[in-house]
Amino acid sequence: MDRRTFLKGARAKTITLATNMPRGLQSGLDPYTGPWTTNEVAHLLKRAMFGAKKSDIDYFLSRSCSDAVDELLQNIPAVDPPLRDYGVLEDQGIMYEDTAVPRGQTWVDDLNNTINDPGRRAAINSARIESLRRWWTGLILNQNRSINEKMVMFWHHHFSVQREEVNNATHLYRHHNLLRNNVLGNVRELAKKVTVDPAMLLHLNGYLNSKRAPDENYARELQELFTVGKGNDSLYTESDVIEAAKALTGWRIHNTTLTAYLNTEEHDMSTKRFSAFYHNATITGSANGSQEVDQLIDMIFSTTESARFICRKLYKWFVYYDIDAFAESNVIAPLAEILRQNDFQVSAALSVLLKSEHFFDKQNQACYIKSAFDFVAGALRELDISIPAYTDYENGYPLFDSICERAAQMQQDLFQPPDVSGWPSYYQEPMYYELWVNSNTLPRRAAFTDALIEDGLVDLRGLAQRSANPADPNQLISDLCELLLRYPLSSNSRNYIKTNFLLEPSGNDSSWTNTWNAGSAAVINEKLGNALRFIMNLPEFHLC
């Protein structure tokens, strides 16, 4: 990445990155054996989590690189479901009450499908979807030392569904829970479950697919976006799309249970024949609800390209947005073989990738722009702002709603990726991560971080006390930058911050030392607040 171009562009409120340029990396999947300092730990945590709190950095500094990655991959928590946080609902002047679920209790076991009044049913459904978004935001903000939340977001991007298309809280929760319960498991088996998941059936018209009028929508996206991609070696044919659509005919959603089932009268029982890309495989028509789905997905994942495609998606999510010839040969290809050898267990591939010298290569550090949730959740967590528990529907959900809406305004709306391809920043050439920042989102990012200071949400003195020597303005600025920035500031830049915010008006280091030692809260908070606001408005703050 041409960081100089990025930094210059960001100051001008526009972003221009040079892409498709040779980077000259020579590092592969050999285990990383270099230094294990704050820099490396922060790199790992900011890629594997949303932000890197100082307490988490200190925690993992006491462990080896290998142990740190193992813990991130193994420390997967069980979570409680979303709760009803809403009271009486109003829609076009009509008041509705959700009598089936008391406030503070979960609604996920009530299907909201026996209410005769469509207006009341729709109001309750809409309120539950919003509570679902708040709940997920709370989980992101309260994440433990685990890769879990980053992987849930990855799969939401990969198997993208939109709340506007699905428009059912139960379906959206079950789809989300399916992803959450399989974040590091077998991607082949996950693909089978997603294929007949009601939310996906609704989103890509699978519930309309019938033998008399096969709908090719999901069959096409299954191959193009979910399993083998559009690369030079992905040689499936239009006939393969047609035959896959036939294999998936007849899947419907039960009105009472909201579960998927196969309507055999709508299912194509003919033999489906596939191209040489799929080894000329055939699938015989079957009334068994899952047999043809299993055979179809197994056939797709029998190709070499399927594992490579999944590994490319993981690479772009965790490492770098562009895959050059060297990375394809020395990272993607061997990583895909590891994935295949481990029966498509994602944890096996991620373990090797995140422990590799390639992941920790200097050129793969501070080289992409933060997503909206990396930016918003990362700032809250790294500044150690007090966050209610994700189960606190009274105090937490209102805050989570605000954060969720802020991220949505910055182009990362939960349960509403732009389309079935997910968020363009992970695939749209040549812009990639540049798309996160533009004339609309960049001012919103600045307004968000400014508000954290102006509204008094940051314990400024507490933040400064984490420095090795907060009375020393040079040490303090250095420690703040190390915590918040992945791209190191020059000594001139650090001196500028010190001189203009901590030392003003005297310009003497001792003035800050005396101010700190005197303990004048108002003066300390004003100076620290101005310095912190400036740091978080630097282009470097957007890099991860």
# chains A, B, ... in the order shown; residues from 1 in each chain; ligands from 1
call {"tool": "residues_around", "arguments": {"residues": "Tyr207 (chain A)", "least_positions_apart": "3", "cutoff": "9 Å", "atoms": "only C-alpha atoms", "output": "JSON, numbers by chain"}}
result
{"A": [198, 200, 201, 202, 204, 210, 249, 250, 251, 252, 253, 260]}
call {"tool": "residues_around", "arguments": {"residues": "Met153 (chain A)", "least_positions_apart": "3", "cutoff": "12 Å", "atoms": "only C-alpha atoms", "output": "PyMOL selection string"}}
result
chain A and resi 48-50+136-137+139-140+147-150+156-161+176-177+179-180+183+314+317-318+371-374+412-417+422-423
call {"tool": "write_last_selection", "arguments": {"atoms": "N, CA and C atoms", "output": "tab-separated table (two decimals), in the first residue's frame"}}
result
chain	number	residue	atom	x	y	z
A	48	ALA	N	-7.88	-9.24	14.48
A	48	ALA	CA	-8.71	-10.37	14.93
A	48	ALA	C	-9.88	-9.93	15.80
A	49	MET	N	-9.86	-8.67	16.28
A	49	MET	CA	-10.92	-8.15	17.13
A	49	MET	C	-11.30	-6.76	16.63
A	50	PHE	N	-12.27	-6.14	17.27
A	50	PHE	CA	-12.61	-4.76	16.98
A	50	PHE	C	-11.88	-3.88	18.00
A	136	TRP	N	-26.64	-7.30	18.83
A	136	TRP	CA	-25.39	-7.65	18.15
A	136	TRP	C	-24.33	-6.57	18.38
A	137	THR	N	-24.74	-5.32	18.30
A	137	THR	CA	-23.79	-4.23	18.57
A	137	THR	C	-23.23	-4.34	19.98
A	139	LEU	N	-22.79	-7.04	21.69
A	139	LEU	CA	-21.83	-8.14	21.70
A	139	LEU	C	-20.49	-7.70	21.13
A	140	ILE	N	-20.52	-6.91	20.09
A	140	ILE	CA	-19.27	-6.40	19.50
A	140	ILE	C	-18.53	-5.52	20.50
A	147	ILE	N	-11.60	-14.12	18.64
A	147	ILE	CA	-11.82	-13.74	17.25
A	147	ILE	C	-13.30	-13.85	16.88
A	148	ASN	N	-14.12	-14.26	17.82
A	148	ASN	CA	-15.49	-14.62	17.54
A	148	ASN	C	-16.27	-13.53	16.82
A	149	GLU	N	-16.30	-12.31	17.36
A	149	GLU	CA	-17.13	-11.27	16.77
A	149	GLU	C	-16.65	-10.87	15.39
A	150	LYS	N	-15.33	-10.87	15.17
A	150	LYS	CA	-14.82	-10.54	13.85
A	150	LYS	C	-15.23	-11.60	12.84
A	156	HIS	N	-21.27	-12.85	8.01
A	156	HIS	CA	-22.39	-12.00	7.60
A	156	HIS	C	-22.08	-11.32	6.27
A	157	HIS	N	-20.83	-10.93	6.08
A	157	HIS	CA	-20.39	-10.37	4.81
A	157	HIS	C	-20.39	-11.45	3.72
A	158	HIS	N	-19.94	-12.64	4.07
A	158	HIS	CA	-19.79	-13.71	3.08
A	158	HIS	C	-21.15	-14.27	2.65
A	159	PHE	N	-21.96	-14.68	3.63
A	159	PHE	CA	-23.31	-15.19	3.34
A	159	PHE	C	-24.32	-14.06	3.61
A	160	SER	N	-24.23	-13.03	2.81
A	160	SER	CA	-24.96	-11.81	3.08
A	160	SER	C	-26.47	-11.96	2.90
A	161	VAL	N	-27.22	-11.51	3.90
A	161	VAL	CA	-28.67	-11.36	3.75
A	161	VAL	C	-29.03	-9.95	4.25
A	176	HIS	N	-28.48	-15.47	11.85
A	176	HIS	CA	-27.33	-14.96	12.60
A	176	HIS	C	-26.78	-16.01	13.55
A	177	ASN	N	-27.67	-16.70	14.22
A	177	ASN	CA	-27.26	-17.72	15.18
A	177	ASN	C	-26.57	-18.89	14.49
A	179	LEU	N	-24.70	-18.63	11.80
A	179	LEU	CA	-23.34	-18.17	11.55
A	179	LEU	C	-22.52	-18.15	12.84
A	180	ARG	N	-23.13	-17.62	13.89
A	180	ARG	CA	-22.42	-17.49	15.18
A	180	ARG	C	-21.99	-18.85	15.72
A	183	VAL	N	-18.71	-20.26	13.50
A	183	VAL	CA	-17.73	-19.27	13.06
A	183	VAL	C	-16.40	-19.88	12.64
A	314	LEU	N	-10.77	-15.00	3.38
A	314	LEU	CA	-10.18	-14.83	4.71
A	314	LEU	C	-8.96	-13.91	4.65
A	317	TRP	N	-9.95	-10.31	4.37
A	317	TRP	CA	-10.56	-9.85	5.61
A	317	TRP	C	-9.52	-9.58	6.69
A	318	PHE	N	-8.50	-10.42	6.77
A	318	PHE	CA	-7.55	-10.34	7.89
A	318	PHE	C	-6.18	-9.78	7.52
A	371	SER	N	-12.80	-0.51	8.87
A	371	SER	CA	-14.23	-0.52	8.59
A	371	SER	C	-14.93	0.38	9.59
A	372	ALA	N	-16.22	0.61	9.38
A	372	ALA	CA	-16.97	1.47	10.29
A	372	ALA	C	-16.97	0.91	11.71
A	373	PHE	N	-17.18	-0.40	11.85
A	373	PHE	CA	-17.19	-0.98	13.19
A	373	PHE	C	-15.79	-1.08	13.78
A	374	ASP	N	-14.77	-1.30	12.96
A	374	ASP	CA	-13.41	-1.22	13.46
A	374	ASP	C	-13.15	0.17	14.03
A	412	GLN	N	-21.63	0.80	7.22
A	412	GLN	CA	-21.64	-0.59	7.66
A	412	GLN	C	-22.86	-0.82	8.54
A	413	ASP	N	-23.96	-1.16	7.87
A	413	ASP	CA	-25.25	-1.31	8.51
A	413	ASP	C	-25.51	-2.79	8.79
A	414	LEU	N	-25.66	-3.14	10.07
A	414	LEU	CA	-25.88	-4.54	10.43
A	414	LEU	C	-27.19	-5.05	9.86
A	415	PHE	N	-27.15	-6.26	9.32
A	415	PHE	CA	-28.27	-6.91	8.65
A	415	PHE	C	-28.70	-6.16	7.38
A	416	GLN	N	-27.82	-5.31	6.86
A	416	GLN	CA	-28.16	-4.62	5.63
A	416	GLN	C	-26.90	-4.30	4.81
A	417	PRO	N	-26.07	-5.33	4.49
A	417	PRO	CA	-25.00	-5.07	3.55
A	417	PRO	C	-25.60	-4.56	2.24
A	422	GLY	N	-22.01	-8.56	-0.15
A	422	GLY	CA	-21.47	-8.04	1.11
A	422	GLY	C	-21.01	-6.60	0.95
A	423	TRP	N	-20.01	-6.21	1.72
A	423	TRP	CA	-19.51	-4.83	1.68
A	423	TRP	C	-18.45	-4.69	0.60
call {"tool": "closest_residue", "arguments": {"among": "A:Asp85, A:Asp459, A:Glu71, A:Glu224", "to": "Tyr59 (chain A)", "atoms": "only C-alpha atoms"}}
result
A:Glu71
call {"tool": "select_by_dssp", "arguments": {"residues": "region 258-316 of chain A", "states": "helix (DSSP H, G or I)", "output": "PyMOL selection string"}}
result
chain A and resi 264-266+276-278+291-301+304-316
call {"tool": "write_last_selection", "arguments": {"atoms": "N, CA and C atoms", "output": "compact mmCIF listing (two decimals), in the first residue's frame"}}
result
# COMPACT_ATOMS: atom_id res chain seq x y z
N THR A 264 -41.93 -31.99 -2.26
CA THR A 264 -41.52 -32.91 -3.33
C THR A 264 -42.30 -32.69 -4.62
N GLU A 265 -43.51 -32.14 -4.52
CA GLU A 265 -44.28 -31.88 -5.74
C GLU A 265 -43.66 -30.77 -6.58
N GLU A 266 -42.87 -29.91 -5.93
CA GLU A 266 -42.21 -28.81 -6.64
C GLU A 266 -40.75 -29.11 -6.94
N ALA A 276 -17.17 -30.65 -16.70
CA ALA A 276 -15.86 -31.22 -16.34
C ALA A 276 -15.26 -30.51 -15.14
N PHE A 277 -15.62 -29.25 -14.94
CA PHE A 277 -15.11 -28.53 -13.76
C PHE A 277 -15.49 -29.27 -12.49
N TYR A 278 -16.66 -29.89 -12.51
CA TYR A 278 -17.14 -30.68 -11.38
C TYR A 278 -16.98 -32.18 -11.65
N GLN A 291 -30.67 -34.66 0.77
CA GLN A 291 -29.70 -35.48 0.03
C GLN A 291 -29.09 -34.75 -1.16
N GLU A 292 -29.92 -34.11 -1.97
CA GLU A 292 -29.38 -33.42 -3.14
C GLU A 292 -28.60 -32.17 -2.74
N VAL A 293 -29.04 -31.50 -1.70
CA VAL A 293 -28.27 -30.35 -1.21
C VAL A 293 -26.88 -30.80 -0.78
N ASP A 294 -26.81 -31.88 -0.01
CA ASP A 294 -25.52 -32.39 0.45
C ASP A 294 -24.64 -32.78 -0.73
N GLN A 295 -25.22 -33.48 -1.70
CA GLN A 295 -24.43 -33.91 -2.85
C GLN A 295 -23.93 -32.71 -3.66
N LEU A 296 -24.79 -31.72 -3.82
CA LEU A 296 -24.40 -30.52 -4.57
C LEU A 296 -23.24 -29.79 -3.90
N ILE A 297 -23.36 -29.55 -2.61
CA ILE A 297 -22.30 -28.82 -1.88
C ILE A 297 -21.03 -29.66 -1.82
N ASP A 298 -21.15 -30.96 -1.58
CA ASP A 298 -19.96 -31.82 -1.58
C ASP A 298 -19.26 -31.78 -2.94
N MET A 299 -20.03 -31.79 -4.01
CA MET A 299 -19.45 -31.72 -5.35
C MET A 299 -18.69 -30.42 -5.55
N ILE A 300 -19.29 -29.32 -5.14
CA ILE A 300 -18.63 -28.01 -5.31
C ILE A 300 -17.34 -27.95 -4.51
N PHE A 301 -17.37 -28.45 -3.28
CA PHE A 301 -16.19 -28.38 -2.43
C PHE A 301 -15.15 -29.45 -2.78
N THR A 304 -10.59 -27.95 -6.36
CA THR A 304 -9.45 -27.25 -5.74
C THR A 304 -9.79 -25.79 -5.51
N GLU A 305 -10.56 -25.22 -6.42
CA GLU A 305 -10.84 -23.79 -6.36
C GLU A 305 -11.68 -23.39 -5.16
N SER A 306 -12.49 -24.29 -4.64
CA SER A 306 -13.35 -23.92 -3.51
C SER A 306 -12.53 -23.52 -2.30
N ALA A 307 -11.54 -24.33 -1.94
CA ALA A 307 -10.70 -24.01 -0.77
C ALA A 307 -9.90 -22.73 -1.01
N ARG A 308 -9.42 -22.55 -2.23
CA ARG A 308 -8.66 -21.33 -2.53
C ARG A 308 -9.55 -20.10 -2.44
N PHE A 309 -10.78 -20.23 -2.90
CA PHE A 309 -11.70 -19.10 -2.85
C PHE A 309 -11.98 -18.69 -1.40
N ILE A 310 -12.24 -19.66 -0.53
CA ILE A 310 -12.49 -19.35 0.88
C ILE A 310 -11.26 -18.71 1.51
N CYS A 311 -10.08 -19.21 1.18
CA CYS A 311 -8.86 -18.66 1.76
C CYS A 311 -8.59 -17.24 1.26
N ARG A 312 -8.96 -16.96 0.01
CA ARG A 312 -8.80 -15.59 -0.49
C ARG A 312 -9.71 -14.64 0.29
N LYS A 313 -10.91 -15.09 0.57
CA LYS A 313 -11.84 -14.24 1.33
C LYS A 313 -11.29 -13.98 2.73
N LEU A 314 -10.77 -15.00 3.38
CA LEU A 314 -10.18 -14.83 4.71
C LEU A 314 -8.96 -13.91 4.65
N TYR A 315 -8.16 -14.06 3.61
CA TYR A 315 -6.97 -13.23 3.44
C TYR A 315 -7.35 -11.76 3.32
N LYS A 316 -8.32 -11.47 2.49
CA LYS A 316 -8.73 -10.07 2.30
C LYS A 316 -9.35 -9.49 3.56
call {"tool": "residues_around", "arguments": {"residues": "His267 (chain A)", "least_positions_apart": "3", "cutoff": "10 Å", "atoms": "only C-alpha atoms", "output": "list in words"}}
result
Asn209, Ser210, Lys211, Arg212, Pro214, Lys246, Ala247, Leu248, Thr249, Gly250, Trp251, Leu262, Asn263, Thr264, Ser270, Gly285, Ser286, Ala287 and Gly289 of chain A
call {"tool": "write_last_selection", "arguments": {"atoms": "C-alpha atoms", "output": "PDB file, in the first residue's frame"}}
result
ATOM      1  CA  ASN A 209     -37.656 -22.171  -7.069  1.00  0.00           C
ATOM      2  CA  SER A 210     -39.819 -24.897  -8.617  1.00  0.00           C
ATOM      3  CA  LYS A 211     -39.470 -27.621 -11.228  1.00  0.00           C
ATOM      4  CA  ARG A 212     -41.872 -25.796 -13.561  1.00  0.00           C
ATOM      5  CA  PRO A 214     -36.430 -23.031 -11.892  1.00  0.00           C
ATOM      6  CA  LYS A 246     -32.839 -27.870 -10.508  1.00  0.00           C
ATOM      7  CA  ALA A 247     -31.223 -29.671  -7.566  1.00  0.00           C
ATOM      8  CA  LEU A 248     -32.504 -26.912  -5.277  1.00  0.00           C
ATOM      9  CA  THR A 249     -36.094 -26.791  -6.487  1.00  0.00           C
ATOM     10  CA  GLY A 250     -38.976 -27.253  -4.092  1.00  0.00           C
ATOM     11  CA  TRP A 251     -37.582 -25.755  -0.879  1.00  0.00           C
ATOM     12  CA  LEU A 262     -38.789 -29.836   0.731  1.00  0.00           C
ATOM     13  CA  ASN A 263     -42.065 -29.847  -1.179  1.00  0.00           C
ATOM     14  CA  THR A 264     -41.519 -32.910  -3.333  1.00  0.00           C
ATOM     15  CA  SER A 270     -34.517 -35.659 -12.914  1.00  0.00           C
ATOM     16  CA  GLY A 285     -33.325 -36.764  -8.110  1.00  0.00           C
ATOM     17  CA  SER A 286     -34.371 -37.631  -4.568  1.00  0.00           C
ATOM     18  CA  ALA A 287     -37.347 -36.932  -2.328  1.00  0.00           C
ATOM     19  CA  GLY A 289     -35.000 -33.285   1.810  1.00  0.00           C
TER      20      GLY A 289
END
call {"tool": "closest_residue", "arguments": {"among": "A:Pro505, A:Val523, A:Glu243, A:Phe541", "to": "Asn280 (chain A)", "atoms": "only C-alpha atoms"}}
result
A:Glu243
call {"tool": "decode", "arguments": {"residues": "region 135-268 of chain A", "atoms": "C-alpha atoms", "output": "tab-separated table (two decimals), in the first residue's frame"}}
result
chain	number	residue	atom	x	y	z
A	135	TRP	CA	-28.02	-6.84	20.78
A	136	TRP	CA	-25.39	-7.65	18.15
A	137	THR	CA	-23.79	-4.23	18.57
A	138	GLY	CA	-23.61	-4.86	22.31
A	139	LEU	CA	-21.83	-8.14	21.70
A	140	ILE	CA	-19.27	-6.40	19.50
A	141	LEU	CA	-18.63	-3.73	22.12
A	142	ASN	CA	-18.40	-6.31	24.93
A	143	GLN	CA	-16.36	-8.90	23.04
A	144	ASN	CA	-14.03	-11.11	25.01
A	145	ARG	CA	-10.45	-11.95	24.02
A	146	SER	CA	-11.61	-13.89	21.03
A	147	ILE	CA	-11.82	-13.74	17.25
A	148	ASN	CA	-15.49	-14.62	17.54
A	149	GLU	CA	-17.13	-11.27	16.77
A	150	LYS	CA	-14.82	-10.54	13.85
A	151	MET	CA	-15.69	-13.93	12.38
A	152	VAL	CA	-19.43	-13.44	12.86
A	153	MET	CA	-19.11	-10.22	10.86
A	154	PHE	CA	-17.01	-12.05	8.26
A	155	TRP	CA	-19.69	-14.66	7.68
A	156	HIS	CA	-22.39	-12.00	7.60
A	157	HIS	CA	-20.39	-10.37	4.81
A	158	HIS	CA	-19.79	-13.71	3.08
A	159	PHE	CA	-23.31	-15.19	3.34
A	160	SER	CA	-24.96	-11.81	3.08
A	161	VAL	CA	-28.67	-11.36	3.75
A	162	GLN	CA	-30.58	-8.08	4.13
A	163	ARG	CA	-33.26	-7.31	6.67
A	164	GLU	CA	-35.26	-5.43	4.02
A	165	GLU	CA	-35.46	-8.59	1.91
A	166	VAL	CA	-36.00	-11.08	4.75
A	167	ASN	CA	-38.15	-8.80	6.94
A	168	ASN	CA	-38.68	-11.35	9.68
A	169	ALA	CA	-37.01	-11.11	13.08
A	170	THR	CA	-37.12	-14.87	13.69
A	171	HIS	CA	-35.50	-15.68	10.34
A	172	LEU	CA	-32.81	-13.04	10.84
A	173	TYR	CA	-32.00	-14.22	14.35
A	174	ARG	CA	-31.83	-17.88	13.31
A	175	HIS	CA	-29.62	-17.00	10.34
A	176	HIS	CA	-27.33	-14.96	12.60
A	177	ASN	CA	-27.26	-17.72	15.18
A	178	LEU	CA	-26.37	-20.24	12.48
A	179	LEU	CA	-23.34	-18.17	11.55
A	180	ARG	CA	-22.42	-17.49	15.18
A	181	ASN	CA	-22.51	-21.18	16.09
A	182	ASN	CA	-20.27	-22.11	13.14
A	183	VAL	CA	-17.73	-19.27	13.06
A	184	LEU	CA	-14.65	-21.50	13.03
A	185	GLY	CA	-16.17	-24.81	12.00
A	186	ASN	CA	-16.56	-26.67	8.74
A	187	VAL	CA	-17.35	-24.19	5.96
A	188	ARG	CA	-18.63	-26.95	3.66
A	189	GLU	CA	-21.19	-28.03	6.25
A	190	LEU	CA	-22.07	-24.40	6.95
A	191	ALA	CA	-22.74	-23.88	3.24
A	192	LYS	CA	-25.19	-26.80	3.32
A	193	LYS	CA	-27.09	-25.26	6.24
A	194	VAL	CA	-27.11	-21.78	4.74
A	195	THR	CA	-28.46	-23.14	1.45
A	196	VAL	CA	-31.74	-24.18	3.06
A	197	ASP	CA	-31.79	-21.50	5.75
A	198	PRO	CA	-35.14	-19.63	5.53
A	199	ALA	CA	-33.45	-16.20	5.59
A	200	MET	CA	-31.35	-17.16	2.57
A	201	LEU	CA	-34.30	-18.81	0.85
A	202	LEU	CA	-36.13	-15.50	1.14
A	203	HIS	CA	-33.18	-13.30	0.26
A	204	LEU	CA	-32.26	-15.08	-2.97
A	205	ASN	CA	-35.67	-16.38	-4.00
A	206	GLY	CA	-34.98	-20.02	-3.17
A	207	TYR	CA	-38.49	-20.33	-1.78
A	208	LEU	CA	-39.83	-19.59	-5.30
A	209	ASN	CA	-37.66	-22.17	-7.07
A	210	SER	CA	-39.82	-24.90	-8.62
A	211	LYS	CA	-39.47	-27.62	-11.23
A	212	ARG	CA	-41.87	-25.80	-13.56
A	213	ALA	CA	-39.95	-22.51	-13.30
A	214	PRO	CA	-36.43	-23.03	-11.89
A	215	ASP	CA	-35.05	-19.88	-10.27
A	216	GLU	CA	-31.30	-19.67	-10.83
A	217	ASN	CA	-30.61	-16.81	-8.42
A	218	TYR	CA	-29.22	-18.77	-5.47
A	219	ALA	CA	-27.57	-21.44	-7.66
A	220	ARG	CA	-25.60	-18.68	-9.38
A	221	GLU	CA	-24.61	-16.82	-6.21
A	222	LEU	CA	-23.76	-20.09	-4.46
A	223	GLN	CA	-21.00	-20.66	-6.98
A	224	GLU	CA	-20.01	-17.11	-7.87
A	225	LEU	CA	-20.03	-15.54	-4.39
A	226	PHE	CA	-20.07	-18.29	-1.77
A	227	THR	CA	-17.91	-21.21	-2.91
A	228	VAL	CA	-15.73	-21.04	-6.05
A	229	GLY	CA	-15.82	-17.44	-7.22
A	230	LYS	CA	-15.13	-15.86	-10.61
A	231	GLY	CA	-11.37	-16.35	-10.87
A	232	ASN	CA	-9.44	-17.63	-13.89
A	233	ASP	CA	-9.50	-21.18	-12.53
A	234	SER	CA	-13.19	-21.16	-11.63
A	235	LEU	CA	-14.53	-22.84	-14.76
A	236	TYR	CA	-18.09	-23.72	-13.87
A	237	THR	CA	-20.52	-23.21	-16.73
A	238	GLU	CA	-23.94	-21.71	-17.28
A	239	SER	CA	-25.20	-25.26	-17.53
A	240	ASP	CA	-23.83	-25.90	-14.02
A	241	VAL	CA	-25.93	-22.99	-12.74
A	242	ILE	CA	-29.04	-24.42	-14.40
A	243	GLU	CA	-28.45	-27.92	-13.07
A	244	ALA	CA	-27.73	-26.64	-9.56
A	245	ALA	CA	-30.96	-24.66	-9.64
A	246	LYS	CA	-32.84	-27.87	-10.51
A	247	ALA	CA	-31.22	-29.67	-7.57
A	248	LEU	CA	-32.50	-26.91	-5.28
A	249	THR	CA	-36.09	-26.79	-6.49
A	250	GLY	CA	-38.98	-27.25	-4.09
A	251	TRP	CA	-37.58	-25.75	-0.88
A	252	ARG	CA	-40.28	-23.91	1.02
A	253	ILE	CA	-40.80	-22.26	4.41
A	254	HIS	CA	-43.36	-23.67	6.82
A	255	ASN	CA	-45.81	-20.94	7.84
A	256	THR	CA	-46.25	-22.28	11.38
A	257	THR	CA	-42.74	-23.31	12.42
A	258	LEU	CA	-40.85	-20.90	10.09
A	259	THR	CA	-38.52	-23.78	9.19
A	260	ALA	CA	-37.50	-25.00	5.73
A	261	TYR	CA	-38.81	-28.19	4.16
A	262	LEU	CA	-38.79	-29.84	0.73
A	263	ASN	CA	-42.07	-29.85	-1.18
A	264	THR	CA	-41.52	-32.91	-3.33
A	265	GLU	CA	-44.28	-31.88	-5.74
A	266	GLU	CA	-42.21	-28.81	-6.64
A	267	HIS	CA	-38.90	-30.66	-6.74
A	268	ASP	CA	-37.21	-31.67	-9.98
